[in-house]
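Peer 1: Quick one: this structure, given as structure tokens, is what I'll be asking you about.
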Amino acid sequence: MPEPLLRVRGLRTHFALDDTVYRAVDGVDLDIARGEAVGLVGESGSGKTVTAMSILQLIPDPPGRIVDGSIELDGTDLVHASDATLREARGGRVACVFQDPQTTLNPVLRIGPQITEMIRRHQDLGRAAARERARELLDAVHIPHAARRLDEYPHELSGGMRQRVVIAMALANDPELLIADEPTTALDVTVQAEIIDLLRELRERTGMALLFITHDFGVVAELCDRVVVMYAGRVVEQARVDTVFDAPSHPYTRRLIDCMPSLGQGRRDLATIPGVPPALDRLPAGCAFAERCDVVEEACRSGVIPLEQVAAGHLARCLKPGARP
Amino acid sequence: MRVYALRRIVQVIPVLFGVSLLAFGMMVLIPGDPARAILGSYATPENIATLERQLALDRPLPVQYVTWLGNLLTGDFGRSYSLNRPVLDELTERFAATLLLAGAALLIMLVLGLTAGIIAAVKQHRWQDRVFTVGALVGLSVPSFWLAMIFIVVFSLRLGWFPTSGMRPAFGPSGPMDVLHHLVLPATALALVASGVIARLTRSSMLEVLRQDYVRTATSKGLTRRVVILRHAFRNAIVTVVPVVGVQVGFLLGGAVYIETVFGWPGIGRMLVTAIGTRDILLVQGGVVLVAFTYVLLNLAADLVQAVLDPRIRLQ
């Protein structure tokens, strides 16, 4: 296997609040190959966003801190990198698109300068050239009247348009990896589909790798090559997308997929997973999902359950992979 | 923006009108008879009545007000009897001195308050934050005239670095260095107290803004911490600080009354204190109107600056 673009090993990101330590990410391994699209899936609080934000150290510190592990971008360690190295990676080789376009753009600055400052930070371009490049970027994400938009403020654009601006900005320096943290969650359903289409189109055109964070398996199926499922700060399953849909190994993954609504199934109540994830400051021994699992047995509640290979390229953290009730 | 500015300017007109009414009413309502004050306690009733007729004080109040306001609008502030010179000349000269003092204090207040607020927010919970927070609280709690006297004791009498008083009319023949030398203590005493408010507000506003998603976006672009803090965070935080700066200018103009008295500064504050004592009605009314107008206009300016800084405000 060729050297991956991004290699995360044993990442632990903890949050210390009022003497309590929340183990938001607790030993995550993650590889992303060049040009590969990886979906990072899990419920709210499973640690998927914290994992992704740890890559560029965008965790608010304090209270968050990477306490252990390594994050290598093309062989360069980012965890212990100097500020300068980190800033080169941020917005250069790795760019981010965040969840809520209402709040991710600076409300008091015009669109143009927000994009050009990203360009000029990483490329040696003059004012006019950067502005021209910004206009091209807005064209590339299909924003009509791009030249005019550059002089508008974020509040003058719709949510979908704003997210396109954020994506255009992220593409400014031809990143090798795009981290998209639930980029469609805050948008209308029809707009969501447009943004997904746009991301797929851009990926085909630029060949950049994608780390796509979502709780929606449907989007993963449309956009990703591989999926990594997280629960309570750990990876519980990873495999190719088709494998996960055909034969999920971890009960949590199976039940997440059951939660997806689909056409042609007639009327049925949408499945839910009863219970809530465990508190991150009091993780139980054994499997963190045991309390909510429908195939749990005594052995699941003690020791450390390892992430083991169930088939080639398919890992699961379960003592009874593939078991059904 | 033009529509917003026009609307705000129109809104100011009734306020200015109210200010003139208050300034006029104030001197009518407070006890003390100007004619008697001018002529002294041995004046005969006939003399007083004659003087009142000359000063038009025997006319009905609304007529007096309209006449006075009409004169003001044409730039005629009347004549000060105690100084025996046009009120406008006296006001111009005194107001220049006050503006110099308040302007210098404003500058010091902004530099100190904003810097302290930004540093305290960026270094939240660390020693810099504690020092500035306690400092701001002390600054807030100390009366400026007391601080002014301490300054005189320490820096003028003990150390002899700065003069205690003796400021000549601003822009006079003594030269700018002399003016600056006289300016340091009163301006600093005036500014220290006011900058506490600005520092606290800037700190809380910055803390709020630093949590926002767009600050994370800015960091994710690879910008330096300095650019993130100044261009992205501070640029947003200042929007809530600007209107309070407008209010603080009122405090600086008002505080100038004490400071001018303590330092013997030839400004409008000290002039007003004297003029009230001598019942020099026209001088007091003119002075109050001038200070109040300045305050209202500076607040208008603050509102307009705020709208320039934050485009969303123009929509409201």
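Labels used: A, B, ... for chains in the order of the structure tokens, numbers from 1 for residues in each chain, and numbers from 1 for ligands as shown.
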With only C-alpha atoms as the counted atoms, please give the residues lying no more than 10 Å from Met1 in chain B, apart from itself and same-chain residues fewer than 2 positions off, as a PDB file with N, CA and C atoms, in the first residue's frame.
Peer 2:
ATOM      1  N   VAL B   3     -28.980  56.311   3.327  1.00  0.00           N
ATOM      2  CA  VAL B   3     -30.326  56.364   3.901  1.00  0.00           C
ATOM      3  C   VAL B   3     -30.241  56.284   5.424  1.00  0.00           C
ATOM      4  N   TYR B   4     -29.415  55.344   5.902  1.00  0.00           N
ATOM      5  CA  TYR B   4     -29.255  55.166   7.348  1.00  0.00           C
ATOM      6  C   TYR B   4     -28.721  56.444   7.982  1.00  0.00           C
ATOM      7  N   ALA B   5     -27.691  57.024   7.362  1.00  0.00           N
ATOM      8  CA  ALA B   5     -27.073  58.232   7.912  1.00  0.00           C
ATOM      9  C   ALA B   5     -28.085  59.364   7.967  1.00  0.00           C
ATOM     10  N   LEU B   6     -28.842  59.509   6.883  1.00  0.00           N
ATOM     11  CA  LEU B   6     -29.825  60.576   6.819  1.00  0.00           C
ATOM     12  C   LEU B   6     -30.882  60.410   7.919  1.00  0.00           C
ATOM     13  N   ARG B   7     -31.316  59.162   8.113  1.00  0.00           N
ATOM     14  CA  ARG B   7     -32.341  58.907   9.122  1.00  0.00           C
ATOM     15  C   ARG B   7     -31.816  59.239  10.514  1.00  0.00           C
ATOM     16  N   LEU B 304     -22.729  56.399  13.425  1.00  0.00           N
ATOM     17  CA  LEU B 304     -22.412  56.296  11.999  1.00  0.00           C
ATOM     18  C   LEU B 304     -21.160  55.447  11.778  1.00  0.00           C
ATOM     19  N   ALA B 307     -22.095  51.902  11.998  1.00  0.00           N
ATOM     20  CA  ALA B 307     -22.755  51.413  10.785  1.00  0.00           C
ATOM     21  C   ALA B 307     -21.757  51.189   9.655  1.00  0.00           C
ATOM     22  N   VAL B 308     -20.705  51.998   9.637  1.00  0.00           N
ATOM     23  CA  VAL B 308     -19.660  51.777   8.629  1.00  0.00           C
ATOM     24  C   VAL B 308     -18.942  50.455   8.919  1.00  0.00           C
ATOM     25  N   PRO B 311     -21.996  46.279   8.390  1.00  0.00           N
ATOM     26  CA  PRO B 311     -23.013  46.558   7.367  1.00  0.00           C
ATOM     27  C   PRO B 311     -24.414  46.118   7.789  1.00  0.00           C
ATOM     28  N   ILE B 313     -25.939  46.666  10.516  1.00  0.00           N
ATOM     29  CA  ILE B 313     -26.628  47.690  11.302  1.00  0.00           C
ATOM     30  C   ILE B 313     -27.417  48.630  10.398  1.00  0.00           C
ATOM     31  N   ARG B 314     -26.893  48.852   9.195  1.00  0.00           N
ATOM     32  CA  ARG B 314     -27.581  49.772   8.268  1.00  0.00           C
ATOM     33  C   ARG B 314     -28.954  49.261   7.890  1.00  0.00           C
ATOM     34  N   LEU B 315     -29.187  47.956   8.046  1.00  0.00           N
ATOM     35  CA  LEU B 315     -30.469  47.390   7.611  1.00  0.00           C
ATOM     36  C   LEU B 315     -31.566  47.600   8.633  1.00  0.00           C
TER      37      LEU B 315
END
Peer 1: For range 94-109 of chain B, list every protein, DNA or RNA residue within 7 Å, evaluated using only C-alpha atoms, and leave out those in the same chain fewer than 4 positions away; present the list as a VMD selection string.
Peer 2: chain B and resid 90 113 169 to 170 183 187 to 188 190 to 192 194 to 195 252 to 253 266 to 268
Peer 1: Distance cut-off 9 Å, counting only C-alpha atoms - which residues of chain B neighbour chain A? Return them as an MDAnalysis selection string.
Peer 2: chainID B and resid 211:224 232:233 235:236 309:312
Peer 1: Would you export the selected residues with N, CA, C and O atoms as an mmCIF file, in the first residue's frame, please?
Peer 2:
data_model
loop_
_atom_site.group_PDB
_atom_site.id
_atom_site.type_symbol
_atom_site.label_atom_id
_atom_site.label_comp_id
_atom_site.auth_asym_id
_atom_site.auth_seq_id
_atom_site.Cartn_x
_atom_site.Cartn_y
_atom_site.Cartn_z
ATOM 1 N N ARG B 211 -14.891 33.187 20.284
ATOM 2 C CA ARG B 211 -15.562 31.883 20.270
ATOM 3 C C ARG B 211 -16.254 31.617 18.945
ATOM 4 O O ARG B 211 -16.714 30.511 18.697
ATOM 5 N N GLN B 212 -16.385 32.647 18.108
ATOM 6 C CA GLN B 212 -17.219 32.508 16.916
ATOM 7 C C GLN B 212 -16.557 31.635 15.850
ATOM 8 O O GLN B 212 -15.344 31.534 15.766
ATOM 9 N N ASP B 213 -17.412 31.035 15.033
ATOM 10 C CA ASP B 213 -16.925 30.142 13.984
ATOM 11 C C ASP B 213 -15.993 30.852 13.006
ATOM 12 O O ASP B 213 -15.042 30.265 12.516
ATOM 13 N N TYR B 214 -16.278 32.125 12.692
ATOM 14 C CA TYR B 214 -15.455 32.769 11.669
ATOM 15 C C TYR B 214 -14.029 33.002 12.130
ATOM 16 O O TYR B 214 -13.130 33.168 11.320
ATOM 17 N N VAL B 215 -13.815 33.019 13.438
ATOM 18 C CA VAL B 215 -12.448 33.115 13.934
ATOM 19 C C VAL B 215 -11.713 31.795 13.666
ATOM 20 O O VAL B 215 -10.560 31.783 13.254
ATOM 21 N N ARG B 216 -12.434 30.687 13.853
ATOM 22 C CA ARG B 216 -11.841 29.381 13.515
ATOM 23 C C ARG B 216 -11.569 29.320 12.008
ATOM 24 O O ARG B 216 -10.525 28.835 11.576
ATOM 25 N N THR B 217 -12.530 29.828 11.206
ATOM 26 C CA THR B 217 -12.313 29.852 9.756
ATOM 27 C C THR B 217 -11.033 30.612 9.426
ATOM 28 O O THR B 217 -10.216 30.148 8.630
ATOM 29 N N ALA B 218 -10.875 31.776 10.068
ATOM 30 C CA ALA B 218 -9.692 32.590 9.801
ATOM 31 C C ALA B 218 -8.421 31.813 10.158
ATOM 32 O O ALA B 218 -7.441 31.830 9.413
ATOM 33 N N THR B 219 -8.452 31.118 11.299
ATOM 34 C CA THR B 219 -7.286 30.310 11.689
ATOM 35 C C THR B 219 -7.029 29.214 10.661
ATOM 36 O O THR B 219 -5.892 28.934 10.307
ATOM 37 N N SER B 220 -8.118 28.619 10.158
ATOM 38 C CA SER B 220 -7.966 27.503 9.216
ATOM 39 C C SER B 220 -7.399 27.961 7.873
ATOM 40 O O SER B 220 -7.000 27.146 7.057
ATOM 41 N N LYS B 221 -7.360 29.270 7.645
ATOM 42 C CA LYS B 221 -6.778 29.765 6.398
ATOM 43 C C LYS B 221 -5.262 29.823 6.478
ATOM 44 O O LYS B 221 -4.606 30.113 5.486
ATOM 45 N N GLY B 222 -4.728 29.632 7.674
ATOM 46 C CA GLY B 222 -3.279 29.701 7.819
ATOM 47 C C GLY B 222 -2.792 31.092 8.174
ATOM 48 O O GLY B 222 -1.607 31.385 8.078
ATOM 49 N N LEU B 223 -3.696 31.976 8.579
ATOM 50 C CA LEU B 223 -3.289 33.333 8.961
ATOM 51 C C LEU B 223 -2.574 33.297 10.299
ATOM 52 O O LEU B 223 -2.801 32.394 11.107
ATOM 53 N N THR B 224 -1.719 34.284 10.539
ATOM 54 C CA THR B 224 -1.042 34.332 11.830
ATOM 55 C C THR B 224 -2.050 34.729 12.906
ATOM 56 O O THR B 224 -3.077 35.341 12.627
ATOM 57 N N HIS B 232 -9.787 39.848 12.157
ATOM 58 C CA HIS B 232 -11.061 39.129 12.211
ATOM 59 C C HIS B 232 -11.799 39.308 13.534
ATOM 60 O O HIS B 232 -12.969 39.651 13.548
ATOM 61 N N ALA B 233 -11.108 39.084 14.654
ATOM 62 C CA ALA B 233 -11.810 39.165 15.938
ATOM 63 C C ALA B 233 -12.053 40.621 16.344
ATOM 64 O O ALA B 233 -13.197 41.036 16.549
ATOM 65 N N ARG B 235 -11.956 43.369 14.702
ATOM 66 C CA ARG B 235 -12.784 44.101 13.750
ATOM 67 C C ARG B 235 -14.276 43.883 14.052
ATOM 68 O O ARG B 235 -15.107 44.751 13.807
ATOM 69 N N ASN B 236 -14.624 42.732 14.596
ATOM 70 C CA ASN B 236 -16.001 42.474 14.998
ATOM 71 C C ASN B 236 -16.288 42.995 16.406
ATOM 72 O O ASN B 236 -17.369 43.500 16.672
ATOM 73 N N LEU B 309 -18.715 50.184 10.221
ATOM 74 C CA LEU B 309 -17.973 48.987 10.610
ATOM 75 C C LEU B 309 -18.792 47.715 10.422
ATOM 76 O O LEU B 309 -18.252 46.660 10.120
ATOM 77 N N ASP B 310 -20.093 47.789 10.663
ATOM 78 C CA ASP B 310 -20.918 46.591 10.551
ATOM 79 C C ASP B 310 -22.077 46.847 9.585
ATOM 80 O O ASP B 310 -23.039 47.524 9.930
ATOM 81 N N PRO B 311 -21.996 46.279 8.390
ATOM 82 C CA PRO B 311 -23.013 46.558 7.367
ATOM 83 C C PRO B 311 -24.414 46.118 7.789
ATOM 84 O O PRO B 311 -25.393 46.652 7.289
ATOM 85 N N ARG B 312 -24.515 45.181 8.726
ATOM 86 C CA ARG B 312 -25.848 44.687 9.100
ATOM 87 C C ARG B 312 -26.642 45.733 9.860
ATOM 88 O O ARG B 312 -27.859 45.719 9.869
#
Peer 1: Counting only C-alpha atoms, what is within 9 Å of Leu11 in chain A, bar same-chain residues fewer than 6 positions away, as a PyMOL selection string?
Peer 2: chain A and resi 25-30+51+54+66-71
Peer 1: So which residues touch Pro243 in chain B within 10 Å, counting only C-alpha atoms, skipping near sequence neighbours fewer than 5 positions away, as a ChimeraX atom specification?
Peer 2: /B:238,248,298-306
Peer 1: Quote the spacing between CA of Arg12 in chain A and CA of Ala33 in chain A in Å to one decimal place.
Peer 2: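 Atom-to-atom, CA of Arg12 in chain A to CA of Ala33 in chain A, that is 21.5 Å.
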Peer 1: To one decimal in Å, tell me the separation between CA of Gly254 in chain B and CA of Val291 in chain B.
Peer 2: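 Rounded to one decimal, the two atoms are 8.7 Å apart.
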Peer 1: In terms of the shortest atom-to-atom distance over only C-alpha atoms, which of B:Leu69, B:Ile38, B:Val257, B:Val184 is closest to Thr274 in chain B?
Peer 2: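 Checking each candidate against Thr274 in chain B, we get B:Val257 as the closest.
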Peer 1: Hey, which of A:Glu43, A:Asp74, A:Asp225, A:Glu297 ends up closest to Glu176 in chain A? Count only C-alpha atoms.
Peer 2: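 Under the stated criterion, the closest residue is A:Asp74.
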Peer 1: Once DSSP has gone over the backbone, tell me which residues of range 153-188 of chain A are in alpha helix (DSSP H), as a list in words.
Peer 2: Gly159, Gly160, Met161, Arg162, Gln163, Arg164, Val165, Val166, Ile167, Ala168, Met169 and Ala170 of chain A
Peer 1: Could you save the residues just selected, with C-alpha atoms, as a PDB file, in the first residue's frame?
Peer 2:
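Saved file result.pdb follows:
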ATOM      1  CA  GLY A 159     -27.236  29.924   3.037  1.00  0.00           C
ATOM      2  CA  GLY A 160     -26.464  27.739   0.034  1.00  0.00           C
ATOM      3  CA  MET A 161     -24.571  30.554  -1.687  1.00  0.00           C
ATOM      4  CA  ARG A 162     -22.586  31.204   1.453  1.00  0.00           C
ATOM      5  CA  GLN A 163     -21.573  27.561   1.665  1.00  0.00           C
ATOM      6  CA  ARG A 164     -20.457  27.778  -1.963  1.00  0.00           C
ATOM      7  CA  VAL A 165     -18.338  30.780  -1.025  1.00  0.00           C
ATOM      8  CA  VAL A 166     -16.785  28.801   1.835  1.00  0.00           C
ATOM      9  CA  ILE A 167     -16.068  25.922  -0.557  1.00  0.00           C
ATOM     10  CA  ALA A 168     -14.591  28.316  -3.131  1.00  0.00           C
ATOM     11  CA  MET A 169     -12.378  29.736  -0.409  1.00  0.00           C
ATOM     12  CA  ALA A 170     -11.261  26.251   0.627  1.00  0.00           C
TER      13      ALA A 170
END
Peer 1: Would you list, as a PyMOL selection string, the residues of range 49-135 of chain B that end up in strand (DSSP E) under DSSP run on this structure's backbone?
Peer 2: chain B and resi 79-80+85-86
Peer 1: Tell me which protein, DNA and RNA residues are within 9 Å of Leu256 in chain A, counting only C-alpha atoms, leaving out same-chain ones fewer than 2 positions away, and put them as a VMD selection string.
Peer 2: chain A and resid 42 to 43 215 to 217 251 to 254 258 to 260 271 to 273
Peer 1: For Arg34 in chain A, which residue among A:Thr206, A:Thr116, A:Thr13, A:Thr184 is the nearest when counting only C-alpha atoms?
Peer 2: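 Of A:Thr206, A:Thr116, A:Thr13, A:Thr184, the one nearest Arg34 in chain A is A:Thr206, counting only C-alpha atoms.
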Peer 1: For Thr294 in chain B, which of B:Val19, B:Pro34, B:Gln11, B:Thr202 is the closest residue, counting only C-alpha atoms?
Peer 2: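 Using only C-alpha atoms, the shortest distance to Thr294 in chain B belongs to B:Val19.
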Peer 1: Quote the spacing between CA of Gly160 in chain B and CA of Val193 in chain B in Å to one decimal place.
Peer 2: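 Interatomic distance here is 23.2 Å.
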Peer 1: Skipping near chain neighbours, those fewer than 4 positions away, what residues fall within 6 Å of Gly35 in chain A using only C-alpha atoms, listed as a short mmCIF file (atom, residue, chain, number, x, y, z; two decimals) with C-alpha atoms, in the first residue's frame?
Peer 2:
data_model
loop_
_atom_site.label_atom_id
_atom_site.label_comp_id
_atom_site.auth_asym_id
_atom_site.auth_seq_id
_atom_site.Cartn_x
_atom_site.Cartn_y
_atom_site.Cartn_z
CA GLY A 207 -8.48 14.88 -7.56
CA MET A 208 -8.24 16.14 -4.00
CA ALA A 209 -8.79 13.81 -1.06
#
Peer 1: Quick one: everything within 9 Å of Phe132 in chain B, counting only C-alpha atoms, minus sequence neighbours fewer than 2 positions away in the same chain. Send it as a PDB file with N, CA, C and O atoms, in the first residue's frame.
Peer 2:
ATOM      1  N   ALA B 116      -5.578  47.029  26.499  1.00  0.00           N
ATOM      2  CA  ALA B 116      -5.763  46.208  27.698  1.00  0.00           C
ATOM      3  C   ALA B 116      -6.876  45.180  27.481  1.00  0.00           C
ATOM      4  O   ALA B 116      -6.746  44.014  27.856  1.00  0.00           O
ATOM      5  N   GLY B 117      -7.966  45.607  26.856  1.00  0.00           N
ATOM      6  CA  GLY B 117      -9.094  44.699  26.625  1.00  0.00           C
ATOM      7  C   GLY B 117      -8.717  43.540  25.720  1.00  0.00           C
ATOM      8  O   GLY B 117      -9.051  42.384  25.988  1.00  0.00           O
ATOM      9  N   ILE B 119      -5.647  42.337  25.079  1.00  0.00           N
ATOM     10  CA  ILE B 119      -4.672  41.444  25.716  1.00  0.00           C
ATOM     11  C   ILE B 119      -5.350  40.588  26.782  1.00  0.00           C
ATOM     12  O   ILE B 119      -5.129  39.377  26.849  1.00  0.00           O
ATOM     13  N   ALA B 120      -6.211  41.221  27.589  1.00  0.00           N
ATOM     14  CA  ALA B 120      -6.884  40.461  28.647  1.00  0.00           C
ATOM     15  C   ALA B 120      -7.713  39.321  28.058  1.00  0.00           C
ATOM     16  O   ALA B 120      -7.745  38.212  28.590  1.00  0.00           O
ATOM     17  N   TRP B 127      -2.019  35.686  33.856  1.00  0.00           N
ATOM     18  CA  TRP B 127      -1.715  36.836  34.712  1.00  0.00           C
ATOM     19  C   TRP B 127      -2.024  38.158  34.028  1.00  0.00           C
ATOM     20  O   TRP B 127      -2.474  39.109  34.670  1.00  0.00           O
ATOM     21  N   GLN B 128      -1.799  38.237  32.689  1.00  0.00           N
ATOM     22  CA  GLN B 128      -2.081  39.496  32.001  1.00  0.00           C
ATOM     23  C   GLN B 128      -3.550  39.884  32.166  1.00  0.00           C
ATOM     24  O   GLN B 128      -3.889  41.042  32.396  1.00  0.00           O
ATOM     25  N   ASP B 129      -4.420  38.863  32.064  1.00  0.00           N
ATOM     26  CA  ASP B 129      -5.855  39.091  32.207  1.00  0.00           C
ATOM     27  C   ASP B 129      -6.168  39.616  33.609  1.00  0.00           C
ATOM     28  O   ASP B 129      -6.884  40.591  33.789  1.00  0.00           O
ATOM     29  N   ARG B 130      -5.581  38.959  34.624  1.00  0.00           N
ATOM     30  CA  ARG B 130      -5.846  39.365  36.015  1.00  0.00           C
ATOM     31  C   ARG B 130      -5.399  40.809  36.235  1.00  0.00           C
ATOM     32  O   ARG B 130      -6.137  41.614  36.800  1.00  0.00           O
ATOM     33  N   VAL B 134      -8.161  43.659  37.128  1.00  0.00           N
ATOM     34  CA  VAL B 134      -8.113  44.366  38.412  1.00  0.00           C
ATOM     35  C   VAL B 134      -7.830  45.848  38.159  1.00  0.00           C
ATOM     36  O   VAL B 134      -8.481  46.727  38.727  1.00  0.00           O
ATOM     37  N   GLY B 135      -6.887  46.124  37.262  1.00  0.00           N
ATOM     38  CA  GLY B 135      -6.554  47.507  36.928  1.00  0.00           C
ATOM     39  C   GLY B 135      -7.766  48.273  36.429  1.00  0.00           C
ATOM     40  O   GLY B 135      -8.012  49.408  36.838  1.00  0.00           O
ATOM     41  N   ALA B 136      -8.553  47.630  35.566  1.00  0.00           N
ATOM     42  CA  ALA B 136      -9.736  48.293  35.018  1.00  0.00           C
ATOM     43  C   ALA B 136     -10.752  48.575  36.120  1.00  0.00           C
ATOM     44  O   ALA B 136     -11.376  49.636  36.155  1.00  0.00           O
ATOM     45  N   LEU B 137     -10.886  47.626  37.051  1.00  0.00           N
ATOM     46  CA  LEU B 137     -11.842  47.791  38.140  1.00  0.00           C
ATOM     47  C   LEU B 137     -11.415  48.941  39.047  1.00  0.00           C
ATOM     48  O   LEU B 137     -12.227  49.782  39.437  1.00  0.00           O
ATOM     49  N   GLY B 196     -11.038  52.290  31.946  1.00  0.00           N
ATOM     50  CA  GLY B 196     -11.496  51.081  32.636  1.00  0.00           C
ATOM     51  C   GLY B 196     -12.743  50.516  31.987  1.00  0.00           C
ATOM     52  O   GLY B 196     -12.855  49.310  31.738  1.00  0.00           O
ATOM     53  N   ALA B 199     -11.864  49.078  28.569  1.00  0.00           N
ATOM     54  CA  ALA B 199     -11.102  47.833  28.679  1.00  0.00           C
ATOM     55  C   ALA B 199     -12.019  46.659  29.008  1.00  0.00           C
ATOM     56  O   ALA B 199     -11.946  45.593  28.400  1.00  0.00           O
ATOM     57  N   ARG B 200     -12.901  46.865  29.979  1.00  0.00           N
ATOM     58  CA  ARG B 200     -13.810  45.766  30.371  1.00  0.00           C
ATOM     59  C   ARG B 200     -14.717  45.374  29.221  1.00  0.00           C
ATOM     60  O   ARG B 200     -14.940  44.195  28.948  1.00  0.00           O
TER      61      ARG B 200
END
